[in-house]
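Containing CSV, C-alpha atoms: entry-v7.csv.
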chain,number,residue,atom,x,y,z
A,1,MET,CA,0.0,0.0,0.0
A,2,GLN,CA,1.3,3.4,-0.9
A,3,ARG,CA,2.3,5.6,2.1
A,4,ALA,CA,-0.3,8.3,1.2
A,5,ASN,CA,-3.1,5.7,1.5
A,6,ARG,CA,-2.0,3.8,4.7
A,7,LEU,CA,-4.6,5.7,6.8
A,8,ALA,CA,-7.0,6.5,4.0
A,9,LYS,CA,-10.3,8.0,5.5
A,10,ARG,CA,-9.2,7.3,9.1
A,11,ARG,CA,-10.4,10.1,11.3
A,12,VAL,CA,-8.0,12.0,13.5
A,13,ALA,CA,-9.0,14.7,15.9
A,14,LEU,CA,-6.5,17.4,17.1
A,15,LEU,CA,-7.7,18.6,20.5
A,16,PHE,CA,-5.6,21.6,21.5
A,17,TYR,CA,-6.2,23.4,24.7
A,18,GLU,CA,-3.0,25.4,24.3
A,19,SER,CA,-1.7,27.4,21.4
A,20,SER,CA,0.8,25.7,19.1
A,21,THR,CA,2.4,26.2,15.7
A,22,ARG,CA,5.0,23.5,15.1
A,23,THR,CA,3.4,20.6,16.9
A,24,ARG,CA,-0.1,21.1,15.7
A,25,THR,CA,0.8,21.8,12.1
A,26,SER,CA,3.2,18.9,11.9
A,27,PHE,CA,0.7,16.4,13.4
A,28,GLU,CA,-1.9,17.6,10.9
A,29,LEU,CA,0.5,17.4,7.9
A,30,ALA,CA,1.6,14.0,9.1
A,31,ALA,CA,-2.0,12.7,9.3
A,32,LYS,CA,-2.9,14.1,5.8
A,33,ALA,CA,0.3,12.7,4.3
A,34,LEU,CA,-1.0,9.2,5.3
A,35,GLY,CA,-4.4,9.9,3.9
A,36,ALA,CA,-6.3,10.5,7.2
A,37,ASP,CA,-9.1,13.0,7.6
A,38,THR,CA,-8.4,15.6,10.4
A,39,THR,CA,-10.4,18.0,12.4
A,40,LEU,CA,-9.0,20.7,14.7
A,41,VAL,CA,-10.8,21.4,18.0
A,42,SER,CA,-9.4,24.3,20.0
A,43,SER,CA,-10.4,25.8,23.3
A,44,LEU,CA,-11.4,29.1,21.6
A,45,SER,CA,-13.7,27.6,18.9
A,46,SER,CA,-15.6,24.9,20.7
A,47,SER,CA,-17.8,24.0,23.7
A,48,ILE,CA,-14.5,23.9,25.7
A,49,GLU,CA,-14.9,27.7,26.0
A,50,LYS,CA,-18.3,27.1,27.6
A,51,GLY,CA,-16.8,24.9,30.3
A,52,GLU,CA,-17.2,21.5,28.7
A,53,SER,CA,-15.0,18.9,30.5
A,54,LEU,CA,-12.2,17.0,28.8
A,55,LYS,CA,-14.1,13.8,29.4
A,56,ASP,CA,-17.3,15.0,27.6
A,57,THR,CA,-15.3,16.5,24.8
A,58,GLY,CA,-13.6,13.2,24.3
A,59,ILE,CA,-16.9,11.3,24.4
A,60,THR,CA,-18.3,13.7,21.8
A,61,LEU,CA,-15.3,13.3,19.4
A,62,LYS,CA,-15.6,9.5,19.7
A,63,ALA,CA,-19.3,9.6,18.9
A,64,LEU,CA,-18.6,11.8,15.9
A,65,GLY,CA,-16.2,9.1,14.5
A,66,ALA,CA,-12.8,10.1,15.7
A,67,GLU,CA,-10.5,7.1,15.8
A,68,CYS,CA,-7.5,8.8,17.3
A,69,ILE,CA,-7.0,12.0,19.4
A,70,ILE,CA,-3.9,14.2,19.5
A,71,LEU,CA,-4.1,16.1,22.7
A,72,ARG,CA,-2.2,19.2,24.0
A,73,SER,CA,-3.3,20.2,27.4
A,74,PRO,CA,-2.1,22.5,30.2
A,75,TYR,CA,-2.8,19.7,32.7
A,76,SER,CA,-0.3,16.9,33.4
A,77,GLY,CA,-1.7,13.5,32.9
A,78,ALA,CA,-4.6,14.6,30.7
A,79,PRO,CA,-3.8,12.2,27.8
A,80,TYR,CA,-4.1,9.2,30.2
A,81,LEU,CA,-7.5,10.4,31.4
A,82,LEU,CA,-8.7,10.9,27.9
A,83,ALA,CA,-7.5,7.5,26.8
A,84,ARG,CA,-9.2,5.8,29.7
A,85,THR,CA,-12.4,7.7,29.1
A,86,THR,CA,-12.7,7.1,25.3
A,87,GLY,CA,-10.8,3.9,24.8
A,88,LEU,CA,-9.1,5.6,21.8
A,89,PRO,CA,-5.4,5.9,21.1
A,90,VAL,CA,-4.4,9.3,22.4
A,91,LEU,CA,-1.1,10.9,21.3
A,92,ASN,CA,0.4,13.3,23.8
A,93,ALA,CA,1.3,16.6,22.1
A,94,GLY,CA,2.3,18.1,25.4
A,95,ASP,CA,0.7,17.8,28.8
A,96,GLY,CA,1.3,20.6,31.3
A,97,MET,CA,4.8,20.5,32.7
A,98,ALA,CA,5.0,16.7,32.4
A,99,GLU,CA,6.1,15.4,29.0
A,100,HIS,CA,6.3,16.1,25.2
A,101,PRO,CA,7.2,12.6,23.9
A,102,SER,CA,7.0,13.3,20.1
A,103,GLN,CA,9.3,16.3,20.5
A,104,ALA,CA,11.9,14.1,22.2
A,105,LEU,CA,11.7,11.6,19.4
A,106,LEU,CA,12.2,14.2,16.7
A,107,ASP,CA,15.1,15.7,18.8
A,108,LEU,CA,16.6,12.2,18.9
A,109,ARG,CA,16.3,11.9,15.1
A,110,THR,CA,18.0,15.3,14.6
A,111,ILE,CA,20.9,14.2,16.9
A,112,LEU,CA,21.3,10.9,15.1
A,113,GLN,CA,21.5,12.8,11.7
A,114,PHE,CA,24.1,15.1,13.2
A,115,LEU,CA,26.2,12.1,14.3
A,116,GLY,CA,25.7,10.2,11.0
A,117,ILE,CA,23.7,7.4,12.6
A,118,SER,CA,20.9,5.9,10.7
A,119,SER,CA,17.5,5.9,12.6
A,120,SER,CA,17.0,2.3,11.4
A,121,ALA,CA,20.3,1.2,13.0
A,122,VAL,CA,19.8,2.6,16.5
A,123,GLN,CA,21.2,0.4,19.2
A,124,GLU,CA,20.9,0.5,23.0
A,125,LYS,CA,24.0,2.6,23.5
A,126,ALA,CA,24.0,4.6,20.2
A,127,LEU,CA,24.7,7.8,22.1
A,128,ARG,CA,27.5,6.5,24.3
A,129,GLY,CA,30.1,9.2,24.6
A,130,VAL,CA,27.7,12.0,23.6
A,131,THR,CA,27.1,14.8,26.1
A,132,LEU,CA,24.1,17.1,25.7
A,133,THR,CA,23.4,20.3,27.6
A,134,ILE,CA,19.9,21.5,28.1
A,135,CYS,CA,19.9,25.2,29.2
A,136,GLY,CA,17.1,27.4,30.3
A,137,ASP,CA,13.8,27.0,32.0
A,138,ILE,CA,14.1,23.4,33.0
A,139,LEU,CA,11.5,23.6,35.8
A,140,HIS,CA,8.6,24.3,33.4
A,141,SER,CA,9.9,22.3,30.4
A,142,ARG,CA,8.1,19.1,29.3
A,143,VAL,CA,10.6,19.0,26.5
A,144,ALA,CA,13.5,18.8,29.0
A,145,ARG,CA,11.7,16.0,30.9
A,146,SER,CA,11.0,13.9,27.8
A,147,ASN,CA,14.6,14.3,26.6
A,148,ALA,CA,16.0,13.5,30.0
A,149,LEU,CA,14.0,10.3,30.1
A,150,LEU,CA,14.9,9.2,26.5
A,151,LEU,CA,18.5,10.2,25.8
A,152,PRO,CA,20.2,8.5,28.7
A,153,ARG,CA,18.6,5.3,27.8
A,154,LEU,CA,20.7,5.4,24.6
A,155,GLY,CA,23.9,6.2,26.6
A,156,ALA,CA,24.0,10.0,26.4
A,157,LYS,CA,25.1,12.2,29.3
A,158,VAL,CA,22.7,15.0,29.9
A,159,ILE,CA,23.7,18.2,31.7
A,160,LEU,CA,21.0,20.6,32.9
A,161,CYS,CA,22.0,24.3,33.1
A,162,GLY,CA,20.2,27.3,34.5
A,163,PRO,CA,19.6,29.5,37.6
A,164,PRO,CA,18.1,27.9,40.7
A,165,GLU,CA,14.8,29.6,40.1
A,166,LEU,CA,14.4,27.7,36.9
A,167,LEU,CA,16.4,24.6,37.7
A,168,PRO,CA,16.0,23.2,41.2
A,169,GLU,CA,18.4,20.6,42.5
A,170,SER,CA,15.6,18.0,42.5
A,171,ALA,CA,15.8,18.1,38.6
A,172,THR,CA,18.5,15.4,38.8
A,173,GLY,CA,15.7,13.0,39.4
A,174,MET,CA,14.3,13.6,35.9
A,175,GLY,CA,16.3,10.7,34.5
A,176,PRO,CA,19.3,8.4,35.0
A,177,GLY,CA,22.7,10.1,35.2
A,178,ILE,CA,21.4,13.6,35.0
A,179,VAL,CA,23.8,16.3,36.4
A,180,ILE,CA,23.4,20.0,37.0
A,181,GLU,CA,26.0,22.6,36.0
A,182,ARG,CA,25.3,26.2,36.9
A,183,ASP,CA,28.2,27.5,34.8
A,184,PHE,CA,27.0,27.6,31.2
A,185,ASP,CA,30.4,28.1,29.7
A,186,ALA,CA,31.7,25.0,31.6
A,187,ALA,CA,28.7,23.0,30.3
A,188,LEU,CA,29.3,24.1,26.8
A,189,ARG,CA,32.9,22.9,26.9
A,190,ARG,CA,31.8,19.4,27.7
A,191,SER,CA,29.0,19.2,25.1
A,192,GLN,CA,28.6,18.0,21.5
A,193,ILE,CA,24.9,19.0,21.5
A,194,VAL,CA,23.3,22.1,23.1
A,195,MET,CA,19.6,22.6,23.5
A,196,MET,CA,18.3,26.0,24.5
A,197,LEU,CA,14.9,26.6,26.1
A,198,ARG,CA,12.9,29.8,26.5
A,199,ILE,CA,11.8,31.2,29.8
A,200,GLN,CA,8.1,30.2,30.0
A,201,ALA,CA,6.7,33.4,31.3
A,202,GLU,CA,3.2,32.0,31.3
A,203,ARG,CA,4.1,29.5,34.0
A,204,LEU,CA,6.4,31.5,36.2
A,205,ALA,CA,3.6,32.3,38.7
A,206,GLY,CA,5.3,35.2,40.5
A,207,VAL,CA,8.9,34.0,40.1
A,208,GLN,CA,11.1,37.0,39.5
A,209,ILE,CA,14.0,36.7,37.0
A,210,ASP,CA,16.7,39.3,36.4
A,211,LEU,CA,16.6,39.2,32.6
A,212,ASP,CA,19.8,41.1,32.1
A,213,GLU,CA,21.7,38.8,34.4
A,214,TYR,CA,20.0,35.8,32.8
A,215,ARG,CA,21.2,36.9,29.3
A,216,SER,CA,24.7,37.5,30.7
A,217,ARG,CA,25.0,34.0,32.2
A,218,TYR,CA,22.9,31.8,30.0
A,219,GLN,CA,22.4,33.2,26.6
A,220,ALA,CA,23.7,31.3,23.6
A,221,ASN,CA,25.4,34.1,21.7
A,222,ALA,CA,28.0,33.9,19.0
A,223,GLU,CA,31.0,34.9,21.2
A,224,ARG,CA,30.1,32.3,23.8
A,225,ILE,CA,29.5,29.5,21.4
A,226,ALA,CA,32.7,30.2,19.4
A,227,ALA,CA,34.8,30.2,22.6
A,228,ASN,CA,33.3,27.1,24.2
A,229,ALA,CA,31.5,24.9,21.7
A,230,PRO,CA,32.6,25.8,18.2
A,231,ALA,CA,31.6,22.5,16.7
A,232,ALA,CA,28.5,21.8,18.8
A,233,LEU,CA,25.0,21.3,17.3
A,234,ILE,CA,22.6,24.0,18.5
A,235,MET,CA,19.0,23.0,19.0
A,236,HIS,CA,15.8,24.7,20.3
A,237,PRO,CA,12.3,23.2,20.4
A,238,GLY,CA,10.7,26.6,19.9
A,239,PRO,CA,9.2,29.0,20.2
A,240,ILE,CA,12.4,31.0,20.2
A,241,ILE,CA,12.6,34.3,22.0
A,242,ARG,CA,15.4,35.9,20.0
A,243,GLY,CA,17.7,38.1,22.0
A,244,MET,CA,16.8,36.3,25.3
A,245,GLU,CA,18.0,32.7,25.5
A,246,ILE,CA,19.6,32.7,22.0
A,247,THR,CA,20.7,35.4,19.5
A,248,SER,CA,19.6,35.4,15.9
A,249,GLU,CA,23.2,35.0,14.9
A,250,VAL,CA,23.3,31.6,16.6
A,251,ALA,CA,19.7,30.5,15.8
A,252,ASP,CA,20.3,31.2,12.1
A,253,GLY,CA,23.9,30.2,12.0
A,254,PRO,CA,25.7,27.1,10.5
A,255,GLN,CA,25.6,25.1,13.8
A,256,SER,CA,21.8,25.5,14.2
A,257,ALA,CA,19.6,22.5,13.6
A,258,ILE,CA,16.4,24.3,14.7
A,259,ALA,CA,14.8,24.2,11.2
A,260,GLN,CA,15.8,20.5,10.9
A,261,GLN,CA,14.1,19.7,14.2
A,262,VAL,CA,10.8,21.2,12.8
A,263,HIS,CA,11.3,19.3,9.5
A,264,ASN,CA,11.8,16.0,11.4
A,265,GLY,CA,8.5,16.5,13.2
A,266,VAL,CA,6.4,15.3,10.2
A,267,PRO,CA,8.0,11.9,9.6
A,268,ILE,CA,8.2,11.2,13.4
A,269,ARG,CA,4.5,12.0,13.9
A,270,MET,CA,3.6,10.0,10.8
A,271,ALA,CA,5.2,7.0,12.4
A,272,LEU,CA,3.4,7.6,15.6
A,273,LEU,CA,0.0,8.0,14.0
A,274,GLU,CA,0.4,4.9,11.8
A,275,ARG,CA,1.4,2.9,14.8
A,276,ALA,CA,-1.5,4.2,16.9
A,277,LEU,CA,-4.2,3.7,14.3
A,278,GLN,CA,-2.9,0.3,13.1
A,279,ALA,CA,-2.9,-1.0,16.7
A,280,ASN,CA,-6.4,0.4,17.2
A,281,ALA,CA,-7.6,-1.3,14.1
A,282,SER,CA,-6.2,-4.6,15.2
A,283,THR,CA,-7.9,-4.3,18.6
A,284,ALA,CA,-11.2,-3.4,17.0
A,285,ALA,CA,-11.0,-6.4,14.7
A,286,LYS,CA,-10.4,-8.8,17.6
A,287,LYS,CA,-13.3,-7.4,19.5
A,288,LYS,CA,-15.5,-7.7,16.4
A,289,GLY,CA,-14.5,-11.2,15.8
A,290,GLY,CA,-15.3,-12.2,19.4
A,291,PRO,CA,-13.9,-15.2,21.3
A,292,LYS,CA,-12.8,-18.2,19.3

So, in terms of structure tokens, how does the structure I just supplied come out?
Amino acid sequence: MQRANRLAKRRVALLFYESSTRTRTSFELAAKALGADTTLVSSLSSSIEKGESLKDTGITLKALGAECIILRSPYSGAPYLLARTTGLPVLNAGDGMAEHPSQALLDLRTILQFLGISSSAVQEKALRGVTLTICGDILHSRVARSNALLLPRLGAKVILCGPPELLPESATGMGPGIVIERDFDAALRRSQIVMMLRIQAERLAGVQIDLDEYRSRYQANAERIAANAPAALIMHPGPIIRGMEITSEVADGPQSAIAQQVHNGVPIRMALLERALQANASTAAKKKGGPK
């Protein structure tokens, strides 16, 4: 079967309680590339705005024929609740401050491409000897959590970097072998991969950050990168706040893989959708056939 027809006429609902550009668009393009029909449900254009619960929205989408739901929610654990409620496959497009699994997978693909490792040839310790620094607002970052869970499983060393307000000491519990380094320059000198994160102002809840000091200590600018990590791959999950955690010179420079990360989102999410819907079809077929 041609790739464009693998999910022909299957119905996918994108349920987004938070704004999104990269994740939402790439999931939608991924579904359509496989032949699926999609519908977008946002909190500003549906009964969610009237106070409808996640459970009732999920029940409604299933009754309307949705076979898979892609969910972005400000609440940690929401995908699991929705999956239990509907019995449908639910793909987590980001839940609160918990996880963003598909972002970690596309980040991994980007790293493998940089290292010249084929995705089809990934082994358990494919990233042995590779050190990655994640710098910025670790406390509020689901991207940091998912990468901290995934990359050490393949042998990578992960350094977390940022001020105490955005990176508590407890963050070492995010994954195996995670270490904290407050000195960004020192972290850069040890790293082959550098992932920058924005300060999530919408989640700070009264935490005060001296932005001038933050830029001075933690910004990825051309001078700092050239002095400490001249060959490192520079990544960022977006959205980028240019002039804050990263300068345009670095974000658009030859070491940047930011656009490649976005590009990799479509094939990664195609694979996730195909797996979810094929598994769902197999389960439905078994139930229809009944006990033997």

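Nearest to Asp252 of chain A of all the residues A:Asn221, A:Phe27, A:Gly116, A:Pro267 is A:Asn221, counting all atoms listed in the file.
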
Show me a table, sorted first by chain and then by increasing residue number, of the residues of segment 150-192 of chain A having an atom at most 9 Å from segment 127-134 of chain A, each with its shortest atom pair and the distance in Å to one decimal, counting only C-alpha atoms and written as CSV.
residue,atom,partner,partner_atom,distance
A:Leu151,CA,A:Leu127,CA,7.6
A:Pro152,CA,A:Leu127,CA,8.0
A:Arg153,CA,A:Leu127,CA,8.7
A:Leu154,CA,A:Leu127,CA,5.3
A:Gly155,CA,A:Arg128,CA,4.3
A:Ala156,CA,A:Leu127,CA,4.9
A:Lys157,CA,A:Thr131,CA,4.6
A:Val158,CA,A:Leu132,CA,4.9
A:Ile159,CA,A:Thr133,CA,4.6
A:Leu160,CA,A:Ile134,CA,5.0
A:Cys161,CA,A:Ile134,CA,6.1
A:Gly162,CA,A:Ile134,CA,8.6
A:Phe184,CA,A:Thr133,CA,8.9
A:Ala187,CA,A:Thr133,CA,6.5
A:Leu188,CA,A:Thr133,CA,7.1
A:Arg190,CA,A:Thr131,CA,6.8
A:Ser191,CA,A:Thr131,CA,4.9
A:Gln192,CA,A:Thr131,CA,5.8

Take the residues just selected and output them with C-alpha atoms as a tab-separated table (two decimals), keeping the file's coordinate frame.
chain	number	residue	atom	x	y	z
A	151	LEU	CA	18.50	10.20	25.80
A	152	PRO	CA	20.20	8.50	28.70
A	153	ARG	CA	18.60	5.30	27.80
A	154	LEU	CA	20.70	5.40	24.60
A	155	GLY	CA	23.90	6.20	26.60
A	156	ALA	CA	24.00	10.00	26.40
A	157	LYS	CA	25.10	12.20	29.30
A	158	VAL	CA	22.70	15.00	29.90
A	159	ILE	CA	23.70	18.20	31.70
A	160	LEU	CA	21.00	20.60	32.90
A	161	CYS	CA	22.00	24.30	33.10
A	162	GLY	CA	20.20	27.30	34.50
A	184	PHE	CA	27.00	27.60	31.20
A	187	ALA	CA	28.70	23.00	30.30
A	188	LEU	CA	29.30	24.10	26.80
A	190	ARG	CA	31.80	19.40	27.70
A	191	SER	CA	29.00	19.20	25.10
A	192	GLN	CA	28.60	18.00	21.50

Exercise. Skip Leu112 of chain A itself and residues of its chain fewer than 5 positions away, then list as a VMD selection string all residues within 9 Å of it, counting all atoms listed in the file.
Key: chain A and resid 107 117 to 119 122 126 to 127

Exercise. Give me, please, the distance in Å between atom CA of Pro176 of chain A and atom CA of Lys125 of chain A, quoted to one decimal.
Key: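 Taking atom CA of Pro176 of chain A as the start and atom CA of Lys125 of chain A as the end point, the length is 13.7 Å.
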
Self-check item: Interatomic distance, atom CA of Ala220 of chain A to atom CA of Val262 of chain A (Å, one decimal)
Solution: 19.6 Å

Quiz item: If we count all atoms listed in the file, what is near Arg242 of chain A at a cut-off of 12 Å, once residues fewer than 6 positions away on the same chain are taken out, given as an MDAnalysis selection string?
Solution: chainID A and resid 196:199 215 219:221 236 248:252

Quiz prompt | Pick from A:Arg224, A:Lys62, A:Arg72, A:Arg24 nearest to Pro89 of chain A, counting only C-alpha atoms | solution =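 Closest residue, counting only C-alpha atoms: A:Lys62.
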
Quiz item: Of the candidates A:Asn264, A:Ser120, A:Ser43, A:Ser146, which one gets nearest to Ser26 of chain A if we count only C-alpha atoms?
Solution: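 Ranking A:Asn264, A:Ser120, A:Ser43, A:Ser146 by distance to Ser26 of chain A, first place goes to A:Asn264.
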
Quiz item: So how many Å separate atom CA of Val266 of chain A and atom CA of Asp37 of chain A, to one decimal?
Solution: 15.9 Å

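All residues of protein, DNA or RNA that reach within 12 Å of Ala271 of chain A, judged by only C-alpha atoms and not counting those fewer than 3 positions away in the chain, are Arg3, Arg6, Leu7, Phe27, Ala30, Ala31, Ala33, Leu34, Leu91, Ser102, Leu105, Leu106, Asn264, Gly265, Val266, Pro267, Ile268, Glu274, Arg275, Ala276, Leu277 and Gln278 of chain A.
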
Quiz item: Got a sec to check which residues sit within 9 Å of (-9.7, 20.5, 13.4), counting only C-alpha atoms, and write them as a count of residues only?
Solution: 10
